[in-house]
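Student: So I've got this file, protein-v8.tsv, and it contains TSV, C-alpha atoms and all ligand atoms:
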chain	number	residue	atom	x	y	z
Z	96	MET	CA	70.27	163.36	110.14
Z	97	GLY	CA	70.42	159.60	110.89
Z	98	SER	CA	71.37	158.41	114.35
Z	99	LYS	CA	74.48	156.64	112.95
Z	100	ASN	CA	75.76	159.92	111.56
Z	101	LYS	CA	75.01	161.68	114.82
Z	102	LEU	CA	76.94	159.08	116.80
Z	103	LYS	CA	79.89	159.49	114.41
Z	104	ARG	CA	79.85	163.23	115.00
Z	105	PHE	CA	79.59	162.78	118.79
Z	106	ARG	CA	82.63	160.48	118.66
Z	107	GLU	CA	84.58	162.97	116.56
Z	108	ASN	CA	83.67	165.82	118.91
Z	109	GLU	CA	85.49	163.89	121.67
Z	110	THR	CA	88.70	164.08	119.62
Z	111	PHE	CA	88.40	167.76	118.56
Z	112	SER	CA	90.71	170.12	120.46
Z	113	ASN	CA	88.22	172.99	119.96
Z	114	VAL	CA	85.15	171.25	121.45
Z	115	ILE	CA	84.68	171.39	125.21
Z	116	GLN	CA	81.96	169.20	126.68
Z	117	PRO	CA	81.94	169.62	130.44
Z	118	THR	CA	79.60	167.48	132.52
Z	119	ARG	CA	76.96	169.30	134.55
Z	120	GLU	CA	78.86	168.33	137.72
Z	121	GLU	CA	82.11	169.80	136.40
Z	122	VAL	CA	80.33	173.08	135.71
Z	123	LEU	CA	78.47	173.15	139.02
Z	124	ASN	CA	81.56	172.27	141.09
Z	125	GLY	CA	83.90	175.04	139.87
Z	126	PHE	CA	84.60	174.80	136.14
Z	127	SER	CA	88.36	174.92	135.55
Z	128	LEU	CA	88.24	177.28	132.53
Z	129	LYS	CA	86.00	179.81	134.29
Z	130	GLY	CA	88.14	182.95	134.59
Z	131	ASN	CA	90.97	181.11	132.80
Z	132	TRP	CA	89.87	181.10	129.17
Z	133	HIS	CA	93.10	182.84	128.16
Z	134	THR	CA	94.91	179.57	128.99
Z	135	HIS	CA	92.77	177.73	126.44
Z	136	PHE	CA	93.50	180.28	123.69
Z	137	ASN	CA	97.06	181.00	124.82
Z	138	ASN	CA	96.49	184.75	124.60
Z	139	ASP	CA	94.62	187.57	126.35
Z	140	ASN	CA	92.51	188.60	123.36
Z	141	PRO	CA	88.89	189.64	124.01
Z	142	ILE	CA	86.32	186.84	123.99
Z	143	VAL	CA	83.05	186.99	122.03
Z	144	LEU	CA	80.23	184.45	122.57
Z	145	GLU	CA	77.59	183.13	120.18
Z	146	LEU	CA	74.69	181.67	122.16
Z	147	GLY	CA	72.60	178.90	120.59
Z	148	CYS	CA	75.21	178.87	117.82
Z	149	GLY	CA	73.93	175.75	116.06
Z	150	LYS	CA	76.47	175.08	113.31
Z	151	GLY	CA	78.37	178.21	114.31
Z	152	GLU	CA	78.16	180.32	111.15
Z	153	TYR	CA	78.61	183.59	113.05
Z	154	THR	CA	81.44	182.22	115.13
Z	155	ILE	CA	83.28	181.06	111.98
Z	156	ALA	CA	82.62	184.24	109.97
Z	157	LEU	CA	83.59	186.65	112.74
Z	158	ALA	CA	86.63	184.61	113.80
Z	159	SER	CA	88.07	184.53	110.30
Z	160	LYS	CA	87.58	188.29	109.91
Z	161	ASN	CA	88.92	189.22	113.37
Z	162	PRO	CA	91.97	187.12	114.29
Z	163	THR	CA	92.75	189.28	117.35
Z	164	PHE	CA	89.49	188.21	119.03
Z	165	ASN	CA	88.57	184.78	120.41
Z	166	TYR	CA	85.14	183.32	119.66
Z	167	ILE	CA	83.19	180.71	121.61
Z	168	GLY	CA	79.97	179.14	120.32
Z	169	ILE	CA	77.64	177.51	122.85
Z	170	ASP	CA	74.90	175.02	122.04
Z	171	LEU	CA	73.37	171.90	123.54
Z	172	LYS	CA	73.34	169.97	120.29
Z	173	GLY	CA	76.62	168.20	119.61
Z	174	ALA	CA	75.83	167.18	116.03
Z	175	ARG	CA	75.35	170.85	115.09
Z	176	LEU	CA	78.44	172.07	116.94
Z	177	TRP	CA	80.44	169.42	115.09
Z	178	ARG	CA	79.93	171.32	111.81
Z	179	GLY	CA	81.42	174.55	113.13
Z	180	ALA	CA	84.24	172.77	114.98
Z	181	LYS	CA	85.21	170.74	111.89
Z	182	THR	CA	85.27	173.87	109.69
Z	183	ALA	CA	87.36	175.75	112.27
Z	184	LEU	CA	89.91	172.90	112.33
Z	185	GLN	CA	89.97	172.58	108.54
Z	186	GLU	CA	90.51	176.33	108.17
Z	187	ASP	CA	93.05	176.42	111.00
Z	188	LEU	CA	91.05	179.00	112.95
Z	189	THR	CA	92.70	178.71	116.35
Z	190	ASN	CA	90.67	181.58	117.82
Z	191	ILE	CA	87.52	179.43	118.04
Z	192	ALA	CA	86.10	177.07	120.67
Z	193	PHE	CA	82.71	175.42	121.03
Z	194	ILE	CA	81.12	174.46	124.33
Z	195	ARG	CA	78.37	171.88	124.51
Z	196	SER	CA	76.37	173.13	127.45
Z	197	GLN	CA	73.15	174.77	128.56
Z	198	ILE	CA	73.19	178.56	128.22
Z	199	GLU	CA	71.48	178.65	131.64
Z	200	LEU	CA	74.91	177.74	133.11
Z	201	ILE	CA	76.71	180.65	131.44
Z	202	ASP	CA	77.62	182.42	134.69
Z	203	LEU	CA	79.35	179.22	135.81
Z	204	LEU	CA	81.29	178.87	132.54
Z	205	PHE	CA	82.68	182.43	132.60
Z	206	SER	CA	83.64	184.79	135.38
Z	207	GLU	CA	82.72	188.42	135.97
Z	208	ASN	CA	83.92	190.77	133.16
Z	209	GLU	CA	85.42	187.90	131.15
Z	210	ILE	CA	83.37	188.50	127.98
Z	211	ALA	CA	83.64	191.39	125.50
Z	212	GLU	CA	80.50	190.80	123.41
Z	213	ILE	CA	77.58	188.40	122.95
Z	214	TRP	CA	75.72	187.36	119.79
Z	215	ILE	CA	72.36	185.61	120.06
Z	216	THR	CA	71.53	184.26	116.64
Z	217	PHE	CA	67.99	183.12	115.85
Z	218	PRO	CA	67.07	181.81	119.30
Z	219	ASP	CA	63.91	179.77	119.75
Z	220	PRO	CA	61.38	182.54	120.61
Z	221	GLN	CA	59.64	180.38	123.25
Z	222	ILE	CA	56.33	182.13	122.63
Z	223	LYS	CA	54.18	180.23	125.16
Z	224	TYR	CA	53.93	181.93	128.54
Z	225	THR	CA	55.04	178.73	130.26
Z	226	ARG	CA	58.27	178.86	128.21
Z	227	THR	CA	59.20	182.41	129.30
Z	228	LYS	CA	61.96	181.09	131.54
Z	229	HIS	CA	63.71	179.57	128.50
Z	230	ARG	CA	63.59	182.79	126.42
Z	231	LEU	CA	67.21	183.89	126.00
Z	232	THR	CA	66.49	187.59	126.57
Z	233	ASN	CA	64.37	187.33	129.73
Z	234	THR	CA	65.44	189.26	132.85
Z	235	GLU	CA	67.22	186.27	134.42
Z	236	PHE	CA	69.38	185.75	131.31
Z	237	LEU	CA	70.09	189.51	131.05
Z	238	LYS	CA	71.39	189.46	134.65
Z	239	LYS	CA	73.72	186.57	133.81
Z	240	TYR	CA	74.96	188.29	130.63
Z	241	HIS	CA	75.52	191.51	132.58
Z	242	HIS	CA	77.59	189.61	135.14
Z	243	ILE	CA	80.01	188.07	132.61
Z	244	LEU	CA	80.20	191.06	130.24
Z	245	LYS	CA	82.74	193.84	130.52
Z	246	PRO	CA	81.12	197.18	131.49
Z	247	GLU	CA	80.77	198.44	127.90
Z	248	GLY	CA	80.12	194.97	126.41
Z	249	VAL	CA	77.22	194.74	123.97
Z	250	VAL	CA	74.66	192.06	123.17
Z	251	ASN	CA	73.55	191.51	119.55
Z	252	LEU	CA	70.23	189.79	118.89
Z	253	LYS	CA	69.33	188.67	115.37
Z	254	THR	CA	65.94	187.02	114.90
Z	255	ASP	CA	63.16	186.41	112.39
Z	256	SER	CA	60.63	186.42	115.24
Z	257	GLU	CA	58.60	189.63	115.53
Z	258	PHE	CA	57.54	188.34	118.93
Z	259	MET	CA	61.12	187.93	120.17
Z	260	HIS	CA	62.12	191.32	118.71
Z	261	GLY	CA	59.16	193.13	120.30
Z	262	TYR	CA	59.46	191.29	123.63
Z	263	THR	CA	63.17	192.13	123.89
Z	264	LEU	CA	62.75	195.80	122.92
Z	265	GLY	CA	59.90	196.17	125.42
Z	266	LEU	CA	61.92	194.60	128.20
Z	267	LEU	CA	65.02	196.69	127.43
Z	268	HIS	CA	63.03	199.93	127.47
Z	269	GLY	CA	61.04	198.88	130.54
Z	270	GLU	CA	64.15	198.01	132.55
Z	271	GLY	CA	66.09	201.08	131.38
Z	272	HIS	CA	68.82	199.30	129.39
Z	273	GLU	CA	70.57	201.00	126.48
Z	274	VAL	CA	69.37	200.19	122.98
Z	275	VAL	CA	72.29	201.08	120.72
Z	276	TYR	CA	70.59	200.11	117.45
Z	277	ALA	CA	67.38	198.37	116.41
Z	278	HIS	CA	65.75	197.60	113.08
Z	279	HIS	CA	62.81	195.38	112.13
Z	280	ASP	CA	63.95	194.53	108.55
Z	281	ILE	CA	67.72	194.69	108.22
Z	282	TYR	CA	68.04	193.72	104.56
Z	283	LYS	CA	65.75	196.60	103.56
Z	284	ASN	CA	67.78	199.09	105.57
Z	285	PRO	CA	70.87	200.56	103.85
Z	286	HIS	CA	72.33	201.58	107.25
Z	287	THR	CA	72.46	198.06	108.69
Z	288	PRO	CA	75.96	197.43	110.13
Z	289	LYS	CA	78.14	195.29	107.85
Z	290	GLU	CA	78.75	192.46	110.34
Z	291	VAL	CA	74.98	192.05	110.72
Z	292	ALA	CA	74.10	191.84	107.02
Z	293	SER	CA	77.16	190.04	105.69
Z	294	THR	CA	76.68	186.67	107.46
Z	295	GLN	CA	73.65	184.39	107.29
Z	296	THR	CA	73.19	181.50	109.68
Z	297	PHE	CA	71.65	178.17	108.70
Z	298	TYR	CA	68.24	179.10	110.11
Z	299	GLU	CA	68.45	182.62	108.73
Z	300	SER	CA	68.95	181.33	105.15
Z	301	GLN	CA	65.78	179.28	105.48
Z	302	TYR	CA	63.78	182.27	106.76
Z	303	LEU	CA	65.14	184.47	103.96
Z	304	GLU	CA	64.06	181.91	101.35
Z	305	LYS	CA	60.54	182.20	102.76
Z	306	GLY	CA	60.75	186.02	102.45
Z	307	LYS	CA	60.67	186.66	106.21
Z	308	PRO	CA	62.11	189.99	107.44
Z	309	ILE	CA	65.14	189.64	109.72
Z	310	THR	CA	65.33	191.90	112.77
Z	311	TYR	CA	68.30	193.07	114.82
Z	312	ILE	CA	68.92	194.76	118.18
Z	313	LYS	CA	72.25	195.83	119.64
Z	314	PHE	CA	72.09	196.71	123.34
Z	315	ARG	CA	73.97	197.28	126.58
Z	316	ILE	CA	72.61	195.91	129.83
Z	317	ARG	CA	72.61	198.64	132.49
Z	318	TYR	CA	71.87	197.92	136.13
F	401	LIG	C1	66.73	178.01	116.08
F	401	LIG	S1	68.29	177.31	116.40
F	401	LIG	C2	69.42	178.54	115.74
F	401	LIG	C3	70.77	177.98	115.45
F	401	LIG	C4	71.76	178.95	114.78
F	401	LIG	N1	72.06	180.09	115.62
F	401	LIG	C5	71.22	179.43	113.46
F	401	LIG	O1	70.79	180.59	113.38
F	401	LIG	O2	71.22	178.64	112.49
F	401	LIG	C6	68.46	177.56	118.15
F	401	LIG	C7	69.65	176.83	118.74
F	401	LIG	O3	69.76	177.15	120.11
F	401	LIG	C8	70.08	175.97	120.85
F	401	LIG	N2	69.56	176.17	122.22
F	401	LIG	C9	68.30	176.53	122.54
F	401	LIG	N3	68.18	176.68	123.87
F	401	LIG	C10	69.41	176.40	124.40
F	401	LIG	C11	69.93	176.38	125.72
F	401	LIG	N4	69.17	176.69	126.76
F	401	LIG	N5	71.24	176.07	125.90
F	401	LIG	C12	72.01	175.74	124.82
F	401	LIG	N6	71.57	175.75	123.54
F	401	LIG	C13	70.29	176.08	123.33
F	401	LIG	C14	69.42	174.84	120.08
F	401	LIG	O4	70.05	173.60	120.33
F	401	LIG	C15	69.57	175.31	118.63
F	401	LIG	O5	70.74	174.81	118.02
Please, can you express the file's structure as structure tokens?
Ligand SMILES: C[S@@+](CC[C@H](N)C(=O)[O-])C[C@H]1O[C@@H](n2cnc3c(N)ncnc32)[C@H](O)[C@@H]1O

Tutor:
Amino acid sequence: MGSKNKLKRFRENETFSNVIQPTREEVLNGFSLKGNWHTHFNNDNPIVLELGCGKGEYTIALASKNPTFNYIGIDLKGARLWRGAKTALQEDLTNIAFIRSQIELIDLLFSENEIAEIWITFPDPQIKYTRTKHRLTNTEFLKKYHHILKPEGVVNLKTDSEFMHGYTLGLLHGEGHEVVYAHHDIYKNPHTPKEVASTQTFYESQYLEKGKPITYIKFRIRY
């Protein structure tokens, strides 16, 4: 996408009621919506997150199917978020918000027990050892997710990366977390849960065109 188009999207994001773009300082110095997300949505419905949501396909699909849940997509890239935010406004989906922020700050964006469920859709696998700290299912991230999730809250990980799938399963088993469901090729498995097989993200569609198997893990973090 050209830089002109990106700038246009950034400008539009500023005007969208469903896009929240806190500065790093605002987040570090006591973010006003932390613990108060019900005031943004005007209801007490459970909140589901999509991390690294890109254009927000999961957020949009789940929000339109489940109006009694609120959905928040988080990504650093404003031009991608714009797509999901624009669609949500056009379709009058008031149970959606997007936050432009680093996922590393998630425990400063939400308070303890504020989140019902997390989806991580096609995260960058960060294969190099030196990138381990950026891998969205490493121990440090799991601790943060555990903090903001309700006690029975689940995490869903969908990825084309065998590395990410294997790394995450190994870590979950090694640390004694609860693997609720796991499969290494969901579209070849007739028992794959509907919400997992019925929505394809932007990246997922590209991987499927190349014939790559898509993997899935649903888990609970137990400490
Ligand atoms: C491979 S893309 C997947 C996007 C989308 N979920 C999909 O499946 O089409 C990974 C996304 O995660 C975002 N991302 C990666 N690391 C992040 C971080 N630490 N904080 C916020 N966003 C991040 C990137 O900006 C990118 O949009």

Student: Might you pull out every residue within 10 Å of Leu146 (chain Z), with all atoms listed in the file counted and same-chain residues fewer than 4 positions away left off, and present them as JSON, numbers by chain?

Tutor: {"Z": [151, 154, 167, 168, 169, 170, 171, 194, 197, 198, 201, 213, 214, 215, 216, 217, 218, 231, 252]}

Student: If the box runs along x, y and z of the file and leaves 3 Å on each side of ligand LIG 401 (chain F), what are its centre and edge lengths in Å, one decimal, as AutoDock Vina command-line options?

Tutor:
--center_x 69.4 --center_y 177.1 --center_z 119.6 --size_x 11.3 --size_y 13.0 --size_z 20.3

Student: What's the 8 Å shell around Glu257 (chain Z), counting all atoms listed in the file, without same-chain residues fewer than 3 positions away, as a list in words?

Tutor: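 Residues near the query, excluding close chain neighbours: Thr254, His260, Gly261, His279 and Thr310 of chain Z.
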
Student: Which residue is closest to ligand LIG 401 (chain F)? Choose from Z:Ala174, Z:Ile115, Z:Leu188, Z:Val143 and count only C-alpha atoms and all ligand atoms.

Tutor: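 Nearest to ligand LIG 401 (chain F): Z:Ala174.
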
Student: Counting only C-alpha atoms, what is within 10 Å of Phe258 (chain Z), bar same-chain residues fewer than 6 positions away, as a PDB file with C-alpha atoms, in the frame of the given file?

Tutor:
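Just written: around-v9.pdb:
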ATOM      1  CA  PRO Z 220      61.380 182.540 120.610  1.00  0.00           C
ATOM      2  CA  GLN Z 221      59.640 180.380 123.250  1.00  0.00           C
ATOM      3  CA  ILE Z 222      56.330 182.130 122.630  1.00  0.00           C
ATOM      4  CA  LEU Z 264      62.750 195.800 122.920  1.00  0.00           C
TER       5      LEU Z 264
END

Student: Just the residues within 12 Å of His135 (chain Z), please, counting all atoms listed in the file, with nothing from its chain fewer than 3 positions along; format it as a list in words.

Tutor: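 The neighbour list is Ser112, Asn113, Val114, Ile115, Ser127, Leu128, Lys129, Gly130, Asn131, Trp132, Asn138, Asp139, Asn140, Ile142, Asn165, Tyr166, Ile167, Thr189, Asn190, Ile191, Ala192 and Phe193 of chain Z.
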
Student: Can you work out which one of Z:Ser300, Z:Thr163, Z:Asn124, Z:Asn208 has the shortest atom-to-atom distance to ligand LIG 401 (chain F), counting only C-alpha atoms and all ligand atoms?

Tutor: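 Using only C-alpha atoms and all ligand atoms, the shortest distance to ligand LIG 401 (chain F) belongs to Z:Ser300.
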
Student: Report, in Å with one decimal, the straight-line distance from CA of His133 (chain Z) to CA of Thr110 (chain Z).

Tutor: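 A separation of 21.1 Å between them.
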
Student: For region 284-298 of chain Z, list every protein, DNA or RNA residue within 8 Å, evaluated using all atoms listed in the file, and leave out those in the same chain fewer than 4 positions away; present the list as JSON, numbers by chain.

Tutor: {"Z": [150, 151, 152, 153, 156, 157, 216, 217, 278, 280, 302, 311]}

Student: Residues of the last selection are to be written out with C-alpha atoms, as a compact mmCIF listing (two decimals), in the frame of the given file.

Tutor:
# COMPACT_ATOMS: atom_id res chain seq x y z
CA LYS Z 150 76.47 175.08 113.31
CA GLY Z 151 78.37 178.21 114.31
CA GLU Z 152 78.16 180.32 111.15
CA TYR Z 153 78.61 183.59 113.05
CA ALA Z 156 82.62 184.24 109.97
CA LEU Z 157 83.59 186.65 112.74
CA THR Z 216 71.53 184.26 116.64
CA PHE Z 217 67.99 183.12 115.85
CA HIS Z 278 65.75 197.60 113.08
CA ASP Z 280 63.95 194.53 108.55
CA TYR Z 302 63.78 182.27 106.76
CA TYR Z 311 68.30 193.07 114.82

Student: Go through Z:Lys172, Z:Lys223, Z:Arg104, Z:Lys239 one by one, measure the shortest atom-to-atom distance of each to ligand LIG 401 (chain F) using all atoms listed in the file, and give the residue with the smallest value.

Tutor: Z:Lys172

Student: Quote the spacing between CA of Glu299 (chain Z) and CA of Arg178 (chain Z) in Å to one decimal place.

Tutor: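 Separation of CA of Glu299 (chain Z) and CA of Arg178 (chain Z): 16.4 Å.
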
Student: Hey, which of Z:Thr263, Z:Phe111, Z:Asn100, Z:Ser159 ends up closest to Thr227 (chain Z)? Count all atoms listed in the file.

Tutor: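 Of Z:Thr263, Z:Phe111, Z:Asn100, Z:Ser159, the one nearest Thr227 (chain Z), counting all atoms listed in the file, is Z:Thr263.
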
Student: Which one is closest to ligand LIG 401 (chain F): Z:Arg195, Z:Lys245, Z:His268, Z:Lys283? Count all atoms listed in the file.

Tutor: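 Distance minimum relative to ligand LIG 401 (chain F) lands on Z:Arg195.
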
Student: Pick from Z:Lys253, Z:Arg175, Z:His229, Z:Lys101: nearest to Pro308 (chain Z), with only C-alpha atoms counted?

Tutor: Z:Lys253

Student: Please, can region 182-193 of chain Z be completed to all heavy atoms and returned as a tab-separated table (two decimals), in the coordinates of the input?

Tutor:
chain	number	residue	atom	x	y	z
Z	182	THR	N	84.86	172.78	110.60
Z	182	THR	CA	85.27	173.87	109.69
Z	182	THR	C	86.42	174.66	110.30
Z	182	THR	O	87.39	174.99	109.62
Z	182	THR	CB	84.07	174.80	109.41
Z	182	THR	OG1	83.01	174.02	108.89
Z	182	THR	CG2	84.43	175.90	108.43
Z	183	ALA	N	86.31	174.97	111.60
Z	183	ALA	CA	87.36	175.75	112.27
Z	183	ALA	C	88.70	175.01	112.20
Z	183	ALA	O	89.74	175.62	111.94
Z	183	ALA	CB	86.98	176.01	113.72
Z	184	LEU	N	88.66	173.68	112.39
Z	184	LEU	CA	89.91	172.90	112.33
Z	184	LEU	C	90.45	172.85	110.90
Z	184	LEU	O	91.65	173.06	110.68
Z	184	LEU	CB	89.67	171.47	112.86
Z	184	LEU	CG	89.39	171.36	114.36
Z	184	LEU	CD1	88.99	169.94	114.72
Z	184	LEU	CD2	90.59	171.81	115.19
Z	185	GLN	N	89.53	172.65	109.95
Z	185	GLN	CA	89.97	172.58	108.54
Z	185	GLN	C	90.59	173.90	108.09
Z	185	GLN	O	91.52	173.93	107.31
Z	185	GLN	CB	88.78	172.24	107.63
Z	185	GLN	CG	88.39	170.78	107.68
Z	185	GLN	CD	87.02	170.51	107.06
Z	185	GLN	OE1	86.19	171.42	106.94
Z	185	GLN	NE2	86.79	169.27	106.67
Z	186	GLU	N	90.02	175.01	108.59
Z	186	GLU	CA	90.51	176.33	108.17
Z	186	GLU	C	91.58	176.89	109.11
Z	186	GLU	O	91.96	178.04	108.99
Z	186	GLU	CB	89.33	177.30	108.04
Z	186	GLU	CG	88.38	176.85	106.94
Z	186	GLU	CD	87.23	177.80	106.70
Z	186	GLU	OE1	87.24	178.91	107.27
Z	186	GLU	OE2	86.32	177.41	105.94
Z	187	ASP	N	91.99	176.06	110.07
Z	187	ASP	CA	93.05	176.42	111.00
Z	187	ASP	C	92.72	177.71	111.77
Z	187	ASP	O	93.58	178.57	111.99
Z	187	ASP	CB	94.38	176.57	110.22
Z	187	ASP	CG	95.56	176.31	111.13
Z	187	ASP	OD1	95.35	175.74	112.21
Z	187	ASP	OD2	96.69	176.72	110.78
Z	188	LEU	N	91.48	177.83	112.16
Z	188	LEU	CA	91.05	179.00	112.95
Z	188	LEU	C	91.24	178.65	114.43
Z	188	LEU	O	90.40	178.00	115.05
Z	188	LEU	CB	89.59	179.33	112.66
Z	188	LEU	CG	89.29	179.82	111.24
Z	188	LEU	CD1	87.80	179.82	110.95
Z	188	LEU	CD2	89.87	181.23	111.05
Z	189	THR	N	92.37	179.10	114.98
Z	189	THR	CA	92.70	178.71	116.35
Z	189	THR	C	92.03	179.63	117.38
Z	189	THR	O	92.16	179.40	118.58
Z	189	THR	CB	94.23	178.74	116.56
Z	189	THR	OG1	94.69	180.04	116.15
Z	189	THR	CG2	94.92	177.68	115.74
Z	190	ASN	N	91.34	180.65	116.90
Z	190	ASN	CA	90.67	181.58	117.82
Z	190	ASN	C	89.19	181.20	118.02
Z	190	ASN	O	88.36	182.06	118.28
Z	190	ASN	CB	90.79	183.03	117.30
Z	190	ASN	CG	90.24	183.23	115.91
Z	190	ASN	OD1	90.17	182.28	115.13
Z	190	ASN	ND2	89.84	184.45	115.59
Z	191	ILE	N	88.90	179.91	117.89
Z	191	ILE	CA	87.52	179.43	118.04
Z	191	ILE	C	87.45	178.25	119.01
Z	191	ILE	O	88.31	177.36	118.97
Z	191	ILE	CB	86.96	178.94	116.69
Z	191	ILE	CG1	86.75	180.12	115.74
Z	191	ILE	CG2	85.65	178.18	116.87
Z	191	ILE	CD1	86.13	179.73	114.42
Z	192	ALA	N	86.42	178.26	119.87
Z	192	ALA	CA	86.10	177.07	120.67
Z	192	ALA	C	84.58	176.90	120.67
Z	192	ALA	O	83.84	177.87	120.43
Z	192	ALA	CB	86.62	177.23	122.10
Z	193	PHE	N	84.14	175.69	120.88
Z	193	PHE	CA	82.71	175.42	121.03
Z	193	PHE	C	82.50	174.71	122.37
Z	193	PHE	O	83.29	173.84	122.75
Z	193	PHE	CB	82.20	174.54	119.89
Z	193	PHE	CG	82.12	175.26	118.58
Z	193	PHE	CD1	83.14	175.16	117.65
Z	193	PHE	CD2	81.02	176.07	118.28
Z	193	PHE	CE1	83.08	175.84	116.44
Z	193	PHE	CE2	80.96	176.74	117.08
Z	193	PHE	CZ	81.98	176.64	116.16
